[in-house]
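Trainee: The file below is input17.tsv, TSV, C-alpha atoms and all ligand atoms:
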chain	number	residue	atom	x	y	z
A	25	MET	CA	-0.98	-7.44	-20.26
A	26	ARG	CA	0.24	-6.69	-16.74
A	27	HIS	CA	-1.13	-7.23	-13.24
A	28	PHE	CA	-0.15	-5.52	-9.97
A	29	LEU	CA	-0.32	-8.06	-7.16
A	30	SER	CA	3.00	-7.10	-5.66
A	31	VAL	CA	5.54	-4.30	-5.89
A	32	ALA	CA	7.84	-6.97	-7.36
A	33	ASP	CA	5.62	-7.06	-10.47
A	34	LEU	CA	7.29	-3.78	-11.51
A	35	SER	CA	10.87	-2.91	-12.37
A	36	GLY	CA	12.49	-0.06	-10.44
A	37	ASP	CA	12.23	2.15	-13.55
A	38	GLU	CA	8.53	1.36	-13.95
A	39	PHE	CA	7.85	2.06	-10.26
A	40	ARG	CA	9.67	5.40	-10.48
A	41	ALA	CA	7.81	6.31	-13.70
A	42	ILE	CA	4.41	5.52	-12.12
A	43	ILE	CA	5.00	7.66	-9.03
A	44	LYS	CA	6.38	10.51	-11.18
A	45	ARG	CA	3.18	10.33	-13.20
A	46	GLY	CA	1.24	10.23	-9.92
A	47	SER	CA	2.84	13.54	-8.94
A	48	GLU	CA	1.83	15.02	-12.31
A	49	PHE	CA	-1.74	13.80	-11.75
A	50	ARG	CA	-1.72	15.47	-8.32
A	51	LYS	CA	-0.56	18.81	-9.77
A	52	GLN	CA	-3.17	18.64	-12.56
A	53	PHE	CA	-5.87	17.76	-10.02
A	54	GLU	CA	-4.91	20.70	-7.80
A	55	ALA	CA	-4.99	22.99	-10.86
A	56	GLY	CA	-8.48	21.73	-11.71
A	57	GLU	CA	-7.38	20.23	-15.04
A	58	ASN	CA	-9.33	17.59	-16.94
A	59	GLN	CA	-7.86	14.10	-16.54
A	60	ALA	CA	-10.50	12.16	-18.47
A	61	LEU	CA	-8.08	9.95	-20.40
A	62	PHE	CA	-10.15	6.76	-20.22
A	63	PRO	CA	-13.79	7.48	-21.06
A	64	ARG	CA	-16.08	4.44	-20.83
A	65	LYS	CA	-13.47	2.30	-19.04
A	66	THR	CA	-14.90	0.40	-16.08
A	67	MET	CA	-13.23	-0.98	-12.97
A	68	ALA	CA	-14.78	-3.70	-10.79
A	69	MET	CA	-13.71	-3.35	-7.14
A	70	ILE	CA	-14.13	-6.45	-4.98
A	71	PHE	CA	-13.87	-5.73	-1.24
A	72	GLU	CA	-13.84	-8.68	1.16
A	73	LYS	CA	-12.50	-6.37	3.91
A	74	SER	CA	-13.38	-2.85	5.02
A	75	SER	CA	-11.83	0.21	3.41
A	76	THR	CA	-12.04	3.97	3.37
A	77	ARG	CA	-8.95	5.14	1.44
A	78	THR	CA	-8.69	2.31	-1.08
A	79	ARG	CA	-12.34	2.38	-2.00
A	80	VAL	CA	-12.63	6.15	-2.30
A	81	SER	CA	-9.32	6.59	-4.13
A	82	PHE	CA	-10.09	3.95	-6.76
A	83	GLU	CA	-13.69	5.06	-7.22
A	84	ALA	CA	-12.86	8.78	-7.39
A	85	GLY	CA	-9.77	8.02	-9.48
A	86	MET	CA	-11.78	6.15	-12.13
A	87	ALA	CA	-14.33	8.99	-12.21
A	88	GLN	CA	-11.54	11.55	-12.66
A	89	LEU	CA	-10.10	9.47	-15.52
A	90	GLY	CA	-13.51	9.65	-17.21
A	91	GLY	CA	-14.45	6.07	-16.38
A	92	HIS	CA	-16.55	4.30	-13.79
A	93	ALA	CA	-15.98	2.00	-10.82
A	94	LEU	CA	-18.31	-0.65	-9.38
A	95	TYR	CA	-18.20	-1.60	-5.70
A	96	LEU	CA	-18.75	-5.35	-5.19
A	97	SER	CA	-18.90	-7.03	-1.81
A	98	PRO	CA	-19.18	-10.77	-1.14
A	99	ASP	CA	-22.39	-10.08	0.82
A	100	ASP	CA	-24.32	-9.14	-2.28
A	101	THR	CA	-22.49	-10.96	-5.06
A	102	GLN	CA	-22.28	-14.68	-5.80
A	103	LEU	CA	-18.71	-14.72	-4.44
A	104	GLY	CA	-20.23	-14.82	-0.95
A	105	ARG	CA	-22.28	-17.87	-1.98
A	106	GLY	CA	-19.24	-19.81	-3.14
A	107	GLU	CA	-18.85	-18.93	-6.81
A	108	PRO	CA	-15.18	-19.70	-7.53
A	109	MET	CA	-12.71	-16.83	-7.92
A	110	GLU	CA	-11.72	-18.20	-11.33
A	111	ASP	CA	-15.31	-18.14	-12.64
A	112	THR	CA	-15.79	-14.61	-11.30
A	113	ALA	CA	-12.59	-13.57	-13.08
A	114	ARG	CA	-13.80	-15.04	-16.39
A	115	VAL	CA	-17.15	-13.27	-16.11
A	116	LEU	CA	-15.75	-9.88	-15.08
A	117	SER	CA	-13.22	-10.12	-17.93
A	118	GLN	CA	-16.21	-10.11	-20.33
A	119	MET	CA	-17.71	-6.98	-18.83
A	120	VAL	CA	-15.15	-4.56	-17.40
A	121	ASP	CA	-11.64	-3.36	-18.27
A	122	ILE	CA	-9.76	-3.72	-14.99
A	123	VAL	CA	-10.32	-5.26	-11.55
A	124	MET	CA	-9.18	-4.33	-8.04
A	125	ILE	CA	-9.47	-6.88	-5.25
A	126	ARG	CA	-9.07	-6.53	-1.48
A	127	THR	CA	-9.07	-9.96	0.07
A	128	TYR	CA	-7.55	-12.21	2.73
A	129	SER	CA	-5.74	-14.93	0.86
A	130	HIS	CA	-3.00	-13.85	-1.54
A	131	GLU	CA	-3.30	-17.27	-3.13
A	132	ALA	CA	-6.98	-16.58	-3.97
A	133	LEU	CA	-5.88	-13.37	-5.64
A	134	GLN	CA	-3.35	-15.31	-7.72
A	135	ARG	CA	-6.07	-17.79	-8.72
A	136	PHE	CA	-8.30	-14.90	-9.81
A	137	CYS	CA	-5.42	-13.50	-11.81
A	138	SER	CA	-4.67	-16.79	-13.55
A	139	ALA	CA	-8.21	-16.83	-15.00
A	140	SER	CA	-8.44	-13.10	-15.75
A	141	SER	CA	-7.90	-11.64	-19.20
A	142	ILE	CA	-7.92	-8.07	-17.84
A	143	PRO	CA	-5.41	-6.39	-15.46
A	144	VAL	CA	-5.83	-7.17	-11.76
A	145	ILE	CA	-4.74	-4.87	-8.92
A	146	ASN	CA	-4.11	-6.06	-5.36
A	147	GLY	CA	-5.96	-3.58	-3.13
A	148	LEU	CA	-4.53	-5.41	-0.05
A	149	SER	CA	-4.13	-9.07	0.76
A	150	ASP	CA	-2.83	-10.70	3.93
A	151	LEU	CA	0.60	-10.82	2.27
A	152	PHE	CA	0.97	-7.46	0.51
A	153	HIS	CA	-0.40	-3.93	0.15
A	154	PRO	CA	1.46	-2.71	-2.96
A	155	CYS	CA	-0.80	0.28	-3.75
A	156	GLN	CA	0.12	1.74	-0.36
A	157	LEU	CA	3.77	1.69	-1.34
A	158	LEU	CA	3.12	3.62	-4.55
A	159	ALA	CA	1.52	6.40	-2.49
A	160	ASP	CA	4.17	6.26	0.24
A	161	MET	CA	7.02	6.51	-2.24
A	162	GLN	CA	5.31	9.25	-4.25
A	163	THR	CA	4.99	11.18	-0.99
A	164	TYR	CA	8.62	10.64	0.00
A	165	PHE	CA	9.91	11.62	-3.47
A	166	ASP	CA	7.71	14.74	-3.49
A	167	TYR	CA	9.01	15.88	-0.10
A	168	ARG	CA	12.62	14.74	-0.19
A	169	GLY	CA	13.58	13.51	-3.67
A	170	ASP	CA	14.72	10.00	-4.59
A	171	ILE	CA	14.81	7.51	-1.71
A	172	LYS	CA	17.80	5.57	-3.11
A	173	GLY	CA	20.43	5.14	-0.39
A	174	LYS	CA	18.17	6.49	2.39
A	175	THR	CA	17.24	4.60	5.56
A	176	VAL	CA	13.67	3.65	6.42
A	177	ALA	CA	12.68	2.32	9.88
A	178	TRP	CA	9.62	0.06	10.07
A	179	ILE	CA	8.31	-0.21	13.64
A	180	GLY	CA	5.76	-2.79	14.81
A	181	ASP	CA	3.92	-5.60	13.08
A	182	GLY	CA	5.72	-7.38	10.23
A	183	ASN	CA	2.47	-7.30	8.25
A	184	ASN	CA	1.32	-6.88	4.64
A	185	VAL	CA	2.51	-3.25	4.45
A	186	CYS	CA	5.88	-4.20	5.96
A	187	ASN	CA	6.24	-7.02	3.40
A	188	SER	CA	5.62	-4.52	0.62
A	189	PHE	CA	8.27	-2.22	2.13
A	190	ILE	CA	10.74	-5.11	1.92
A	191	ASN	CA	10.02	-5.54	-1.80
A	192	THR	CA	10.26	-1.80	-2.38
A	193	ALA	CA	13.61	-1.51	-0.56
A	194	LYS	CA	15.03	-3.97	-3.04
A	195	LEU	CA	13.42	-2.29	-6.04
A	196	LEU	CA	14.30	1.34	-5.19
A	197	ASP	CA	17.56	0.59	-3.39
A	198	PHE	CA	17.01	1.96	0.10
A	199	ASN	CA	17.94	0.48	3.48
A	200	LEU	CA	15.12	-0.89	5.58
A	201	ARG	CA	15.47	-1.57	9.31
A	202	ILE	CA	12.62	-3.54	10.83
A	203	ALA	CA	11.90	-3.55	14.58
A	204	SER	CA	9.18	-6.13	15.30
A	205	PRO	CA	8.55	-8.28	18.38
A	206	VAL	CA	9.44	-11.96	18.22
A	207	GLY	CA	6.53	-13.83	16.69
A	208	TYR	CA	5.48	-10.84	14.56
A	209	LEU	CA	8.32	-10.69	12.05
A	210	PRO	CA	7.64	-10.18	8.34
A	211	ASN	CA	7.53	-12.98	5.78
A	212	GLN	CA	10.71	-15.06	6.12
A	213	SER	CA	11.19	-15.87	2.43
A	214	LEU	CA	10.95	-12.16	1.57
A	215	LEU	CA	13.60	-11.46	4.21
A	216	ASP	CA	15.78	-14.27	2.83
A	217	ASN	CA	15.58	-12.79	-0.67
A	218	ALA	CA	15.95	-9.17	0.35
A	219	GLY	CA	19.70	-9.17	0.87
A	220	SER	CA	21.74	-6.89	3.07
A	221	GLN	CA	19.56	-3.81	2.50
A	222	VAL	CA	16.91	-5.18	4.85
A	223	THR	CA	17.92	-5.79	8.46
A	224	LEU	CA	16.10	-6.76	11.63
A	225	SER	CA	16.78	-4.39	14.53
A	226	THR	CA	16.78	-5.55	18.12
A	227	SER	CA	15.12	-2.36	19.40
A	228	VAL	CA	13.06	0.57	18.18
A	229	ASN	CA	15.89	2.95	19.16
A	230	GLU	CA	18.35	1.04	17.00
A	231	ALA	CA	15.95	1.03	14.01
A	232	VAL	CA	15.18	4.76	14.10
A	233	ASP	CA	18.77	5.92	14.69
A	234	LYS	CA	19.49	8.51	11.92
A	235	ALA	CA	16.60	7.14	9.84
A	236	ASP	CA	15.19	9.31	7.04
A	237	LEU	CA	11.69	7.90	7.28
A	238	ILE	CA	9.83	6.21	10.15
A	239	VAL	CA	6.79	4.08	9.33
A	240	THR	CA	4.38	2.10	11.44
A	241	ASP	CA	0.96	0.46	11.18
A	242	VAL	CA	-1.74	-0.93	13.44
A	243	TRP	CA	-0.88	-3.74	15.85
A	244	SER	CA	-3.87	-5.84	14.73
A	245	SER	CA	-4.49	-5.91	10.99
A	246	MET	CA	-7.86	-6.85	9.54
A	247	GLY	CA	-8.48	-10.52	10.25
A	248	HIS	CA	-6.43	-10.44	13.49
A	249	GLU	CA	-8.92	-8.55	15.67
A	250	SER	CA	-9.46	-11.56	17.96
A	251	GLU	CA	-5.75	-11.46	18.90
A	252	SER	CA	-5.83	-7.82	19.90
A	253	ASN	CA	-5.38	-8.34	23.68
A	254	LYS	CA	-2.38	-10.59	23.13
A	255	ARG	CA	-0.96	-8.18	20.57
A	256	THR	CA	-1.36	-5.17	22.86
A	257	VAL	CA	0.97	-6.91	25.32
A	258	ALA	CA	3.45	-8.05	22.64
A	259	PHE	CA	3.67	-4.59	21.04
A	260	ALA	CA	3.79	-2.53	24.26
A	261	ASP	CA	7.36	-1.36	23.54
A	262	TYR	CA	6.70	-0.68	19.86
A	263	SER	CA	4.89	2.68	19.90
A	264	VAL	CA	6.49	5.44	17.83
A	265	THR	CA	7.12	8.39	20.15
A	266	LYS	CA	8.56	11.90	19.78
A	267	ALA	CA	11.75	10.61	21.44
A	268	HIS	CA	12.13	8.14	18.55
A	269	LEU	CA	11.61	10.89	15.99
A	270	ASP	CA	14.35	12.89	17.74
A	271	LEU	CA	16.82	10.03	17.20
A	272	ALA	CA	16.17	10.11	13.44
A	273	THR	CA	17.65	12.66	11.01
A	274	LYS	CA	16.34	16.15	11.64
A	275	ASP	CA	14.31	16.20	8.42
A	276	ALA	CA	12.97	12.65	8.89
A	277	LEU	CA	9.36	12.08	7.87
A	278	PHE	CA	6.71	9.98	9.60
A	279	MET	CA	4.22	7.83	7.64
A	280	HIS	CA	1.31	5.54	8.52
A	281	CYS	CA	-1.00	3.93	5.96
A	282	LEU	CA	-4.01	4.67	8.24
A	283	PRO	CA	-6.36	4.04	9.95
A	284	ALA	CA	-4.25	4.85	13.04
A	285	HIS	CA	-4.70	4.25	16.75
A	286	ARG	CA	-3.21	7.18	18.67
A	287	GLY	CA	-1.67	6.02	21.94
A	288	GLU	CA	-1.04	2.52	20.55
A	289	GLU	CA	1.35	2.21	17.58
A	290	VAL	CA	1.94	5.97	17.45
A	291	ASP	CA	1.70	8.88	19.85
A	292	ALA	CA	-0.62	11.75	18.93
A	293	ASN	CA	2.22	14.29	18.95
A	294	VAL	CA	4.01	12.24	16.25
A	295	ILE	CA	1.13	11.56	13.86
A	296	ASP	CA	-0.25	15.07	14.36
A	297	GLY	CA	3.20	16.67	14.50
A	298	ASP	CA	5.05	18.64	11.85
A	299	GLN	CA	7.16	15.72	10.59
A	300	SER	CA	4.09	13.63	9.82
A	301	VAL	CA	2.99	13.49	6.17
A	302	VAL	CA	0.11	11.06	6.66
A	303	TRP	CA	-2.54	13.27	5.01
A	304	ASP	CA	-0.55	13.76	1.83
A	305	GLU	CA	0.32	10.06	1.98
A	306	ALA	CA	-3.39	9.21	2.06
A	307	GLY	CA	-4.21	11.79	-0.62
A	308	ASN	CA	-1.55	10.39	-2.90
A	309	ARG	CA	-3.36	7.06	-3.01
A	310	LEU	CA	-5.71	8.79	-5.45
A	311	HIS	CA	-3.00	10.06	-7.78
A	312	ALA	CA	-0.51	7.17	-7.63
A	313	GLN	CA	-3.35	4.76	-8.43
A	314	LYS	CA	-4.53	6.84	-11.41
A	315	ALA	CA	-0.97	6.47	-12.71
A	316	LEU	CA	-1.11	2.73	-12.00
A	317	ILE	CA	-4.47	2.38	-13.80
A	318	GLU	CA	-3.05	4.26	-16.79
A	319	PHE	CA	0.03	1.99	-16.83
A	320	LEU	CA	-2.08	-1.19	-16.66
A	321	LEU	CA	-4.73	-0.10	-19.20
A	322	MET	CA	-2.00	0.91	-21.64
A	323	SER	CA	-0.28	-2.45	-21.12
A	324	ALA	CA	-3.58	-4.23	-21.83
A	325	ASN	CA	-4.06	-2.31	-25.09
A	326	SER	CA	-0.53	-2.61	-26.44
B	401	LIG	N1	-4.44	2.52	3.92
B	401	LIG	C1	-5.55	1.89	3.49
B	401	LIG	O1	-5.49	1.00	2.63
B	401	LIG	O2	-6.71	2.33	4.02
B	401	LIG	P1	-8.16	1.70	3.87
B	401	LIG	O3	-8.18	0.40	4.64
B	401	LIG	O4	-9.09	2.72	4.44
B	401	LIG	O5	-8.42	1.44	2.41
B	402	LIG	N1	-2.08	-3.77	7.87
B	402	LIG	C1	-3.40	-3.19	7.80
B	402	LIG	C2	-3.47	-2.18	6.71
B	402	LIG	C3	-4.79	-1.49	6.58
B	402	LIG	C4	-4.81	-0.51	5.46
B	402	LIG	C5	-4.43	-4.28	7.59
B	402	LIG	O1	-4.19	-5.21	6.83
B	402	LIG	O2	-5.50	-4.22	8.23
Is it possible to give me this structure as structure tokens?
Ligand code: CP
Ligand code: NVA
Mentor:
Amino acid sequence: MRHFLSVADLSGDEFRAIIKRGSEFRKQFEAGENQALFPRKTMAMIFEKSSTRTRVSFEAGMAQLGGHALYLSPDDTQLGRGEPMEDTARVLSQMVDIVMIRTYSHEALQRFCSASSIPVINGLSDLFHPCQLLADMQTYFDYRGDIKGKTVAWIGDGNNVCNSFINTAKLLDFNLRIASPVGYLPNQSLLDNAGSQVTLSTSVNEAVDKADLIVTDVWSSMGHESESNKRTVAFADYSVTKAHLDLATKDALFMHCLPAHRGEEVDANVIDGDQSVVWDEAGNRLHAQKALIEFLLMSANS
């Protein structure tokens, strides 16, 4: 049985196979074909943080696969009253087939996993957002083909999405340039293990120079809202502008996991411009995750 807490839980071949399957799911969906491969399968979705895309994509995805998804929040489950993660994992393992968790502490997610006898998916923790990378890579591959050997520029906060980009650079063999202000760099041990493919750039201009893909995210992730004034100052030079896009390759794409703040981490004419693929990127969450669910349910039954 397999879990998906991090991109590093997959091999490069498995990652590529899942996003290829995600593209097939997208084509079938657009053609109106039946995708009900998992009737009666149930997913429990635990959300300790807000969500639009992750919630809707997992819930709609399970429905399209013929199954069902349950939304659970700490406010109205015993988790919010202190029931341990491990006990919750043991109970849910008796009742459903797969679990998705969005939480703060990655360590809590690992504790849940250690007590779970069903597959667990990380729907975002403070450390990683691996499902986002499945959708991002599916989108890149669909538009431009394999990302191996290409250059990706990450601009802004060295956050959970950035950490997952570092893991994916290693897995899929692309170059990743990260431009983040001092004090907001990504996880140091991930950087130490990443090797020469991942480099820190001293400026946004340097990072985006001839890049094939430019990616950014909010300056204040969930849980960091109280730092937002301080962060607005620290990130003032880290907005992605049209001038940055013009330094990249001419067919460079722009991605953002969303939600976005126009005029902060990205200018409106970039995110709403013709090199932006953010709507397909968001839409592909649905299809990449159906492929992930299929992969994990098959692994649990084999
Ligand atoms: N990108 C993403 O995970 O969005 P939500 O927070 O809306 O789920
Ligand atoms: N880095 C952001 C991603 C939101 C989808 C956050 O953690 O809030």
Trainee: For the atom pair atom CA of Asp33 of chain A and atom CA of Pro154 of chain A, what is the interatomic distance in Å to one decimal place?
Mentor: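 Separation of atom CA of Asp33 of chain A and atom CA of Pro154 of chain A: 9.6 Å.
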Trainee: What does the distance from atom CA of Ala276 of chain A to atom CA of Asp181 of chain A come to in Å, to one decimal?
Mentor: 20.8 Å
Trainee: Can you write out as a tab-separated table which residues of chain A fall within 12 Å of ligand LIG 402 (chain B), alongside each residue's closest atom pair and its distance in Å to one decimal, counting all atoms listed in the file and ordering rows by chain and ascending residue number?
Mentor:
residue	atom	partner	partner_atom	distance
A:Glu72	CA	B:LIG402	O1	11.7
A:Lys73	CA	B:LIG402	O2	8.5
A:Ser74	CA	B:LIG402	O2	8.6
A:Ser75	CA	B:LIG402	C4	7.3
A:Thr76	CA	B:LIG402	C4	8.8
A:Arg77	CA	B:LIG402	C4	8.1
A:Thr78	CA	B:LIG402	C4	8.1
A:Arg79	CA	B:LIG402	C4	11.0
A:Arg126	CA	B:LIG402	O1	9.7
A:Thr127	CA	B:LIG402	O1	9.6
A:Tyr128	CA	B:LIG402	O1	8.8
A:Ser129	CA	B:LIG402	O1	11.5
A:Gly147	CA	B:LIG402	C4	9.2
A:Leu148	CA	B:LIG402	O1	6.9
A:Ser149	CA	B:LIG402	O1	7.2
A:Asp150	CA	B:LIG402	O1	6.4
A:Leu151	CA	B:LIG402	O1	8.7
A:Phe152	CA	B:LIG402	O1	8.5
A:His153	CA	B:LIG402	C2	7.5
A:Pro154	CA	B:LIG402	C4	10.7
A:Cys155	CA	B:LIG402	C4	10.1
A:Gln156	CA	B:LIG402	C4	8.0
A:Leu157	CA	B:LIG402	C4	11.2
A:Gly180	CA	B:LIG402	N1	10.5
A:Asp181	CA	B:LIG402	N1	8.2
A:Gly182	CA	B:LIG402	N1	8.9
A:Asn183	CA	B:LIG402	N1	5.8
A:Asn184	CA	B:LIG402	N1	5.6
A:Val185	CA	B:LIG402	N1	5.7
A:Cys186	CA	B:LIG402	N1	8.2
A:Asn187	CA	B:LIG402	N1	10.0
A:Ser188	CA	B:LIG402	N1	10.6
A:Phe189	CA	B:LIG402	N1	11.9
A:Pro210	CA	B:LIG402	N1	11.7
A:Val239	CA	B:LIG402	N1	11.9
A:Thr240	CA	B:LIG402	N1	9.4
A:Asp241	CA	B:LIG402	N1	6.2
A:Val242	CA	B:LIG402	N1	6.3
A:Trp243	CA	B:LIG402	N1	8.1
A:Ser244	CA	B:LIG402	O2	6.9
A:Ser245	CA	B:LIG402	O2	3.4
A:Met246	CA	B:LIG402	O2	3.8
A:Gly247	CA	B:LIG402	O2	7.3
A:His248	CA	B:LIG402	O2	8.2
A:Glu249	CA	B:LIG402	O2	9.3
A:His280	CA	B:LIG402	C4	9.1
A:Cys281	CA	B:LIG402	C4	5.9
A:Leu282	CA	B:LIG402	C4	5.9
A:Pro283	CA	B:LIG402	C4	6.6
A:Ala284	CA	B:LIG402	C3	9.1
A:His285	CA	B:LIG402	C3	11.7
A:Glu289	CA	B:LIG402	N1	11.9
A:Ala306	CA	B:LIG402	C4	10.4
A:Arg309	CA	B:LIG402	C4	11.5
Trainee: Counting only C-alpha atoms and all ligand atoms, figure out which residue out of A:Asn191, A:Ser140, A:Asn146, A:Gln212 gets nearest to ligand LIG 401 (chain B).
Mentor: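 Of A:Asn191, A:Ser140, A:Asn146, A:Gln212, the one nearest ligand LIG 401 (chain B), counting only C-alpha atoms and all ligand atoms, is A:Asn146.
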Trainee: Separation of atom CA of Lys254 of chain A and atom CA of Asp296 of chain A, in Å?
Mentor: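 Atom-to-atom, atom CA of Lys254 of chain A and atom CA of Asp296 of chain A are spaced 27.2 Å apart.
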Trainee: I need every residue sitting at most 9 Å from the point (9.5, 8.7, 19.5) (coordinates as in the file, only C-alpha atoms considered), written as a list in words.
Mentor: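 Those residues lying close to the given coordinates are Val228, Asn229, Val232, Ser263, Val264, Thr265, Lys266, Ala267, His268, Leu269, Asp270, Leu271, Val290, Asp291 and Val294 of chain A.
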Trainee: In terms of the shortest atom-to-atom distance over only C-alpha atoms, which of A:Asp111, A:Leu277, A:Glu57, A:Gln102 is closest to Thr175 of chain A?
Mentor: A:Leu277
Trainee: Using all atoms listed in the file, which residue out of A:Thr223, A:Gln313, A:Asn58, A:Thr273 lies closest to ligand LIG 401 (chain B)?
Mentor: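 Smallest separation from ligand LIG 401 (chain B) among the options: A:Gln313.
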Trainee: Report as an NGL selection string all protein, DNA and RNA residues lying within 6 Å of segment 315-320 of chain A, evaluated on all atoms listed in the file, omitting residues in the same chain fewer than 5 positions from it.
Mentor: :A and (26 or 42 or 45-46)
Trainee: Pick out the closest residue to Lys172 of chain A from this set: A:Leu196, A:Leu310, A:Ala258, A:Ala132. Count all atoms listed in the file.
Mentor: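 Between A:Leu196, A:Leu310, A:Ala258, A:Ala132, the residue approaching Lys172 of chain A most closely is A:Leu196.
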Trainee: Restricting the calculation to all atoms listed in the file, which member of A:Ser300, A:Gln88, A:Ser204, A:Asn308 is positioned closest to ligand LIG 401 (chain B)?
Mentor: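 Counting all atoms listed in the file, the residue closest to ligand LIG 401 (chain B) is A:Asn308.
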Trainee: Please identify all polymer residues within 12 Å of Gly104 of chain A, counting only C-alpha atoms, omitting same-chain residues fewer than 6 positions from it, and present them as a ChimeraX atom specification.
Mentor: /A:70-72,96-98,112
Trainee: My list of candidates is A:Ala324, A:Ile202, A:Ala177, A:Leu158. Which is closest to ligand LIG 401 (chain B) when distances are computed with only C-alpha atoms and all ligand atoms?
Mentor: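 When distances to ligand LIG 401 (chain B) are compared using only C-alpha atoms and all ligand atoms, the smallest one comes from A:Leu158.
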Trainee: Around (1.5, -5.5, -18.3) in the file's frame, which residues reach within 10 Å when counting all atoms listed in the file? Return as a list in words?
Mentor: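 Final list of nearby residues, as requested, is Met25, Arg26, His27, Phe28, Asp33, Leu34, Ile142, Pro143, Val144, Phe319, Leu320, Leu321, Met322, Ser323, Ala324, Asn325 and Ser326 of chain A.
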Trainee: Could you save the residues just selected, with C-alpha atoms, as an mmCIF file, in the frame of the given file?
Mentor:
data_model
loop_
_atom_site.group_PDB
_atom_site.id
_atom_site.type_symbol
_atom_site.label_atom_id
_atom_site.label_comp_id
_atom_site.auth_asym_id
_atom_site.auth_seq_id
_atom_site.Cartn_x
_atom_site.Cartn_y
_atom_site.Cartn_z
ATOM 1 C CA MET A 25 -0.980 -7.440 -20.260
ATOM 2 C CA ARG A 26 0.240 -6.690 -16.740
ATOM 3 C CA HIS A 27 -1.130 -7.230 -13.240
ATOM 4 C CA PHE A 28 -0.150 -5.520 -9.970
ATOM 5 C CA ASP A 33 5.620 -7.060 -10.470
ATOM 6 C CA LEU A 34 7.290 -3.780 -11.510
ATOM 7 C CA ILE A 142 -7.920 -8.070 -17.840
ATOM 8 C CA PRO A 143 -5.410 -6.390 -15.460
ATOM 9 C CA VAL A 144 -5.830 -7.170 -11.760
ATOM 10 C CA PHE A 319 0.030 1.990 -16.830
ATOM 11 C CA LEU A 320 -2.080 -1.190 -16.660
ATOM 12 C CA LEU A 321 -4.730 -0.100 -19.200
ATOM 13 C CA MET A 322 -2.000 0.910 -21.640
ATOM 14 C CA SER A 323 -0.280 -2.450 -21.120
ATOM 15 C CA ALA A 324 -3.580 -4.230 -21.830
ATOM 16 C CA ASN A 325 -4.060 -2.310 -25.090
ATOM 17 C CA SER A 326 -0.530 -2.610 -26.440
#
Trainee: Can you tell me, as a list in words, what residues are no more than 9 Å from Ser138 of chain A when counting only C-alpha atoms, ignoring any on the same chain fewer than 4 positions away?
Mentor: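 Contacts, in chain order: Glu110, Ala113, Leu133 and Gln134 of chain A.
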Trainee: List as a list in words the protein and nucleic acid residues near Met279 of chain A, meaning an atom at most 8 Å away when all atoms listed in the file are counted, but skip any in the same chain fewer than 4 places from it.
Mentor: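 Here the answer would be Asp160, Leu237, Ile238, Val239, Thr240, Ile295, Ser300, Val301, Val302 and Glu305 of chain A.
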Trainee: Which residues are near Ala68 of chain A? Cut-off 10 Å, all atoms listed in the file, ignore same chain within fewer than 6 positions. Put them as a list in words.
Mentor: Phe82, Glu83, His92, Ala93, Leu94, Tyr95, Leu96, Leu116, Ser117, Met119, Val120, Asp121, Ile122, Val123, Met124, Ile125 and Val144 of chain A
